[in-house]
Structure formats: structure tokens, C-alpha cells
Amino acid sequence: MPCVRRPLLRLTTPYCLAIAALAAAFAIAPTASQAQKHDAKHAEKTAPAAPKTPIQIVADLSEAPRKLYHAEVDLPVTEGPLTLITPEWIPGNHRPTGPAEDITGVVFSIDGKAIAWRRDDENLYEFHVTIPKGVSTLHAHLDCIVTARVSQKMAVLEWEKLLLYPAGIPVKDIPIQPSLKVPAGWGVGTALQAEDAPGYPVPAAGSTTKFAATTVEQLEDSPIITGQYFHEFPLAPEITPKHYIDVVSDAPEDSNLRPAVLAEVSNLVREASVEYASHHYRVYHFLLTLSDIAGGEGLEHGQSSDNGVGEKGFADDGHQLAESDLLAHEFTHSWNGKYRRPYNLYQDTFAKMQEGSLLWVYEGMTQYLGNVLAARSGLKNQEQYRDMLALSAAELDYTPGRDWRPTEDTAIAASILRGGSPVWSNWKRGQDYYQEGELLWLDADTLIRKQTNNQKSLDDFLKVFLGLGGDTGPEIVTYNREELIKDLNAVTPYDWAKFLHDRVDLINPRADVAGIEQGGYRLVYHDKPSKSERTLSGGGGRRRGGLDCWYSLGLRISGDGQIYDVRWNGPSDKAQLAPGYKILAVNGHVFSNEALQDAIRGAKGNTEPIKLIVQADSFVSPFTIDYHDGERYPVLERIDGTPAYLDDITKPRTTPEKAPADKTKDDE
Ligand SMILES: [Zn+2]
């Protein structure tokens with residue numbers, strides 16, 4: 001997901017705001033001499049020195065319900081031309097999502113008097129100003145129009161929305177001291193440390209909270225959630241450093257998480273502490289929003305994570321199943337992604353492109369470990385783990401885009417594969433490095449177990465790779481593929497270079513299910529969906545209210561017959577159906593899920609094709625699908641007489657906190 005475990009579509013709806021008129025009133029056109037100075041400065045490319053005094057930034061979220069954040073920034077300056085910049089490449093987003101287009105109302109001033117500025121002609125994130133002699137502080141005001149992660153009752157601040165700092169200096173070298181204003185009575189959750197209260201948590205406040213000075217790099221990595229209905233719960237109290245989950249919700253009762261969920265998240269903290277044999281933070285805050293308005297999110301940070309789910313996302317076991325790996329995934333990123341970072345994904349400024357070629361480790365291994373730790377913690381059970389692994393493996397195995405595009409290319413092209421339309425997406429491939437990585441690291445884990453008679457596992461590798469240096473603060477230590485191979489070889493000698501090359505760099509028409517099979521299970525297809533698939537879809541193998549015919553007809557359709565994707569080279573593709581078409585009738589009956597299901601069952605084992613009446617744009621035509629293998633839904637089936645490593649992998653390593661009996665029931 002942003003990291004995003006799950007891709008999000010960012011809203012870019014333009015807002016017409018009175019505040020824009022205010023900005024226009026202050027805007028001053030550059031003079032010819034200023035433009036010349038800018039060009040001269042550009043040619044010189046002298047690296048500016050890092051400021052010694054911290055930038056002061058006050059983030060004002062008091063108008064968050066009106067979708068406006070404000071910032072007052074005081075920057076230490078010296079005489080001469082100065083280039084200020086806002087972040088472009090956001091860590092964890094794997095693409096240039098800095099909200100430059102949403103930043104408005106920009107005014108630079110000295111002693112209360114506005115001065116001229118000019119945007120850079122090439123880098124639209126840069127502002128050029130000229131500081132007169134004798135001036136040591138430049139004030140900047142800016143607003144950001146915020147269309148996601150806010151509601152009337154809550155707000156999330158990822159600092160790239162308001163940050164402004166000198167360009168061309170490594171962001172780890174720029175000191176900054178943040179302060180925060182929130183609406184009266186709203187609670188605050190963050191890993192930032194309050195200036196006057198070095199302990200945690202940050203006291204809830206309706207007034208301004210001043211935080212301890214940090215760096216631009218760390219501030220960008222330290223989001224804030226705030227809301228009217230706010231709860232903070234300590235987790236696994238016996239473990240140091242301290243862990244909390246901070247929750248805001250739109251409805252008052254939702255932020256008071258169920259005791260069962262709190263026990264499971266405490267178990268997650270214990271399991272991760274053992275599995276990764278280290279911590280790379282001074283404190284950790286899970287930040288969780290529960291809202292149907294503020295939108296979904298999963299974005300990792302070193303000392304916290306920004307998690308957004310629906311209003312009832314953790315309200316009962318049924319809802320929780322869909323979100324069961326979110327907290328474990330984003331938490332794992334504190335080690336895998338934040339502390340250990342691919343050498344080419346880390347850049348010393350947010351202006352440089354973050355390259356994705358190792359995302360099958362950053363995201364793929366995290367996808368594997370997030371699901372494993374969720375199972376060990378009780379956030380889902382072992383059967384649910386297997387059911388969801390089956391769904392994921394089948395999806396990959398039935399992605400024909402793998403015929404032309406290797407997994408590594410989905411990682412290199414990550415920044416152009418996020419979001420997008422589902423239309424023919426199976427032929428394009430998406431950000432498959434998440435799920436492909438999960439299968440790859442399961443393969444490696446079970447291979448190590450097989451090679452060592454279950455005496456060693458990926459756990460041993462993680463203690464070396466992620467536990468490097470023991471407990472540290474929020475640092476970044478980069479790695480490359482050679483280091484992975486070396487650390488894997490230290491666990492058990494094998495041709496790991498070939499293992500990775502074969503699975504990542506080469507075109508593989510089939511998904512890597514070796515890990516499932518070495519784990520004692522096989523991927524098969526039944527004529528009824530698994531219990532977990534029924535829970536996730538709220539019915540018999542249905543997705544989005546439609547019927548899941550992906551592994552039979554090769555169709556994804558909504559409940560009203562609208563086709564949103566067709567599996568390339570599948571039966572419906574051969575029948576010339578296309579995304580966007582709408583099925584009006586099936587075998588002489590008006591379309592319904594049941595009518596289509598009856599037709600699939602009726603065609604099983606005979607030669608009679610399924611007859612459809614289909615609307616394409618404003619035309620209506622008959623189509624026939626020649627398919628006779630019945631309904632098919634993916635499940636994992638035990639291979640008798642083989643070691644069940646998959647069950648060993650998902651067993652808790654610590655004594656689980658007993659989750660209190662829950663009143664809610666998942667569906668049967
Ligand atoms: Zn992730």
C-alpha cells in the first residue's frame with residue numbers, strides 16, 4: 001500500500017477556495033534581474049550548507065474538517081539567493097506523490113513584509129527567493145488542500161503536506177522543530193516526543209503542542225493522527241521499548257477497540273520482538289483510523305505506522321479478516337524497509353527518484369512476514385492464513401501478464417503500476433512484487449527447513465538481516481542483493497544467487513507454489529469457496545456483490561452483470577468478451593448471479609456452450625462461452641505423509657495473551 005500494502009487512488013478534485021484569492025493578492029511577479037539571478041544560481045549548482053539552527057514549523061490542523069491544513073514556518077537564512085523545496089518522492093509510497101499541486105496560499109515574508117518568489121522552471125517543487133542583507137529569519141506561510149485521510153472527527157498529518165526546507169541538502173542534516181495545533185478537545189497520537197514531556201504519550205491538547213527538535217528526514221517519517229474520539233492503549237507492557245496503539249474514529253464507540261483485538265496486537269508486539277531479535281525505534285505507535293470517510297491507508301514509518309480501515313474494520317471477526325495482516329505488515333516494515341532499506345530505494349533528499357528494483361524484498365518479504373505474524377498473533381487463525389494464501393497464489397498463477405513481464409519489472413515499474421484501472425490488468429500485471437515476494441520467501445523458508453531437517457528456517461536469516469546491530473534508534477542501513485545472498489548462505493549453503501535470479505529476473509509463466517508444497521499443502525480448486533473467501537465476500541464466492549468466475553469463465557463481474565476484467569486467453573477472452581461489456585441474459589434468463597452460476601454448473605461435463613446476451617456500448621449481441629469444467633475456487637489441501645512446515649511457520653513463538661471470549665461471530 002502509499003506503501004502501501006494496498007494501492008490507493010489519490011483524489012485530485014480541484015477545490016475553489018477563497019483562500020486562493022488571498023494568495024493571489026500577495027503574489028509578486030519576478031523582475032528580470034531576479035530571473036537572471038535564478039539562472040546564474042542554477043548554473044553554479046553550489047551545494048548549500050546545512051543550517052545549524054532548527055527550522056520552526058507550526059502545523060495548524062484546526063481547520064482539518066474544512067479540508068485545509070496550514071503551516072507557519074520560520075527558516076534560518078543568510079543573505080543571497082535561496083531555494084526552498086517541498087518533498088516529491090515520499091518514502092513508502094514508492095512514487096512521486098508529494099502534494100505540490102495541493103499547496104496553496106504561499107507567502108514568504110521578512111518582518112511581516114511579503115517578498116517576491118519564483119517557482120523553478122524545471123523542478124516544480126522548488127521556490128526561489130532572495131534574502132536581503134542583515135536578515136536571519138525568513139517566514140513562510142502555506143496551506144495544503146487535503147482531500148483524503150480527514151473527516152469531521154479526525155485528521156492524519158503526513159508531514160510532506162506542509163514541509164518546506166532548503167533544497168540540495170541531505171534531509172537528515174536539516175534540523176527542524178515541529179509544533180502542532182488541533183481542534184479543541186481532539187486527542188493526538190504520534191511517535192514524536194513532546195518537548196516538555198520527554199516520556200510518552202504526547203498529552204492530548206486543544207492548544208499548541210511543541211515537540212522536541214528532530215530532522216526533516218525524521219519528521220517526514222513521523223505522522224500524526226488526531227481526533228475527537230481518541231483512545232490510546234499500551235501494548236505488551238513487559239516489553240521495552242514501549243508500544244502503543246492510538247485509535248481515532250468517526251463514531252464514538254469504534255475507537256474503543258475490542259479487548260480481543262488489543263490482546264492480539266500485544267501478541268504481535270511479542271512475536272515481532274522475538275522474530276526480529278531487535279528494535280529500531282525508541283517508542284512505537286500503531287496509528288489507526290476507523291472511518292468510512294477518511295479512506296484506507298497502510299503506510300510504514302520507522303517508529304509508527306499510519307493505518308486506515310473502514311469504520312467497522314476491527315468491530316468483529318468477519319471485518320477483521322480482511323484487515324488481519326495490515327498492522328503486522330506495517331509494523332514489520334519498521335525492520336524490513338525502514339531500518340534495512342534497499343540501497344537504491346534510499347535517497348538523501350526527497351527530490352531524487354527512489355528506485356524499486358528490490359521491492360520484492362522490501363514489500364515482498366514484508367507481505368510474507370506480515371501474514372505469518374498475523375497468524376502467530378491470533379489476528380487470523382491458521383486455516384484463515386492458508387485460505388488467504390490460496391487466494392493470493394491462485395491470483396498470481398492466473399495472471400497471464402507473467403508471460404511477458406518478469407516479477408522484477410513489476411518492482412522497477414512500481415511507480416507507474418500503482419492504482420490504475422482494472423481493465424486488462426491481468427495482462428499488464430500490477431504491483432505483483434508484494435504477493436510474488438510472499439511466495440518467494442515462503443519458498444526460501446521451507447527450502448531452508450527441508451535442507452536442515454527443520455532445524456533452521458528463515459527466522460535464523462531474519463535475526464541476522466533485520467537484527468543487525470541489535471537495538472538501535474530509528475536508523476537506516478542499506479543493503480543490496482549480494483548481502484541477501486551472503487546472509488542466506490550463512491544460514492544454509494545453497495545456490496541462493498540462482499534461486500533469486502530464477503524467480504525474480506526470469507519470465508515465469510506459472511506462480512512459485514514450491515513453498516506451499518514444501519510446506520505440506522497443494523493449491524487445488526474446489527467447486528465451493530473456502531470459509532474465508534465466503535467471509536471476505538459476504539456470500540458464495542462473490543466479490544463486489546458479483547460472482548467470482550475468474551478460475552472458471554475467466555471473468556470478474558459486478559452484481560449487475562458489468563464485466564470489469566476478462567482473463568487474457570481465458571474462456572471469456574476466447575469468446576471475445578471485453579471489460580466494460582454488460583451481461584444482460586444467460587441461457588435465456590435475465591442476468592443474475594444465480595442464473596450465471598446455474599449455467600456454469602449446467603455446462604459441466606457436456607459440450608453445450610453458455611449463451612449470453614451482452615451489451616457493448618449501445619449495441620446488443622449474442623456471445624457463447626465454450627467452458628465445461630464447472631465452478632472453481634482456490635483452496636490449500638494437505639499433502640498426507642509430508643512435514644506440515646506451513647503449520648510450524650504459523651504457530652506462535654511466544655505465550656499468547658489470552659484473548660477474551662468475543663461476542664461477535666464470523667459467518668459459517
Ligand atoms: Zn508495505
# chains A, B, ... in the order shown; residues from 1 in each chain; ligands from 1

$ closest_atom_pairs --of "region 60-150 of chain A" --to "region 336-341 of chain A" --cutoff "12 Å" --atoms "only C-alpha atoms" --output "CSV"
residue,atom,partner,partner_atom,distance
A:Pro91,CA,A:Lys338,CA,8.9
A:Gly92,CA,A:Gly337,CA,8.1
A:Asn93,CA,A:Gly337,CA,11.6
A:His94,CA,A:Gly337,CA,11.3

$ write_last_selection --atoms "C-alpha atoms" --output "PDB file, in the first residue's frame"
ATOM      1  CA  PRO A  91       9.340   7.076   1.295  1.00  0.00           C
ATOM      2  CA  GLY A  92       6.948   4.137   1.442  1.00  0.00           C
ATOM      3  CA  ASN A  93       4.824   5.459  -1.417  1.00  0.00           C
ATOM      4  CA  HIS A  94       7.425   4.303  -3.955  1.00  0.00           C
TER       5      HIS A  94
END

$ closest_atom_pairs --of "chain A" --to "ligand 1" --cutoff "10 Å" --atoms "only C-alpha atoms and all ligand atoms" --output "CSV"
residue,atom,partner,partner_atom_place_in_ligand_line,distance
A:Met1,CA,ligand 1,1 (Zn),5.6
A:Pro2,CA,ligand 1,1 (Zn),8.5
A:Cys3,CA,ligand 1,1 (Zn),4.6
A:Val4,CA,ligand 1,1 (Zn),5.0
A:Arg5,CA,ligand 1,1 (Zn),4.5
A:Arg6,CA,ligand 1,1 (Zn),8.1
A:Gly92,CA,ligand 1,1 (Zn),7.2
A:Asn93,CA,ligand 1,1 (Zn),8.9
A:His94,CA,ligand 1,1 (Zn),10.0
A:Gly298,CA,ligand 1,1 (Zn),7.3
A:Leu299,CA,ligand 1,1 (Zn),6.9
A:Glu300,CA,ligand 1,1 (Zn),6.7
A:Leu326,CA,ligand 1,1 (Zn),8.8
A:Ala328,CA,ligand 1,1 (Zn),10.0
A:His329,CA,ligand 1,1 (Zn),6.2
A:Glu330,CA,ligand 1,1 (Zn),6.0
A:Phe331,CA,ligand 1,1 (Zn),9.3
A:Thr332,CA,ligand 1,1 (Zn),8.5
A:His333,CA,ligand 1,1 (Zn),6.6
A:Asn336,CA,ligand 1,1 (Zn),9.2
A:Gly337,CA,ligand 1,1 (Zn),8.1
A:Leu359,CA,ligand 1,1 (Zn),9.3
A:Tyr362,CA,ligand 1,1 (Zn),7.3
A:Glu363,CA,ligand 1,1 (Zn),4.9
A:Gly364,CA,ligand 1,1 (Zn),8.0
A:Met365,CA,ligand 1,1 (Zn),9.2
A:Thr366,CA,ligand 1,1 (Zn),6.4
A:Gln367,CA,ligand 1,1 (Zn),6.9
A:Gly370,CA,ligand 1,1 (Zn),9.0
A:Tyr434,CA,ligand 1,1 (Zn),7.9

$ residues_around --residues "Pro166 (chain A)" --least-positions-apart "6" --cutoff "10 Å" --atoms "only C-alpha atoms" --output "ChimeraX atom specification"
/A:48-51,55,75-77,82-86,126-128,174

$ closest_residue --among "A:Ile293, A:Gln320, A:Tyr494, A:Arg632" --to "Thr452 (chain A)" --atoms "only C-alpha atoms"
A:Tyr494

$ residues_around --residues "region 648-653 of chain A" --least-positions-apart "4" --cutoff "6 Å" --atoms "only C-alpha atoms" --output "PyMOL selection string"
chain A and resi 372+375-376

$ select_by_dssp --residues "region 50-216 of chain A" --states "strand (DSSP E)" --output "count of residues only"
71
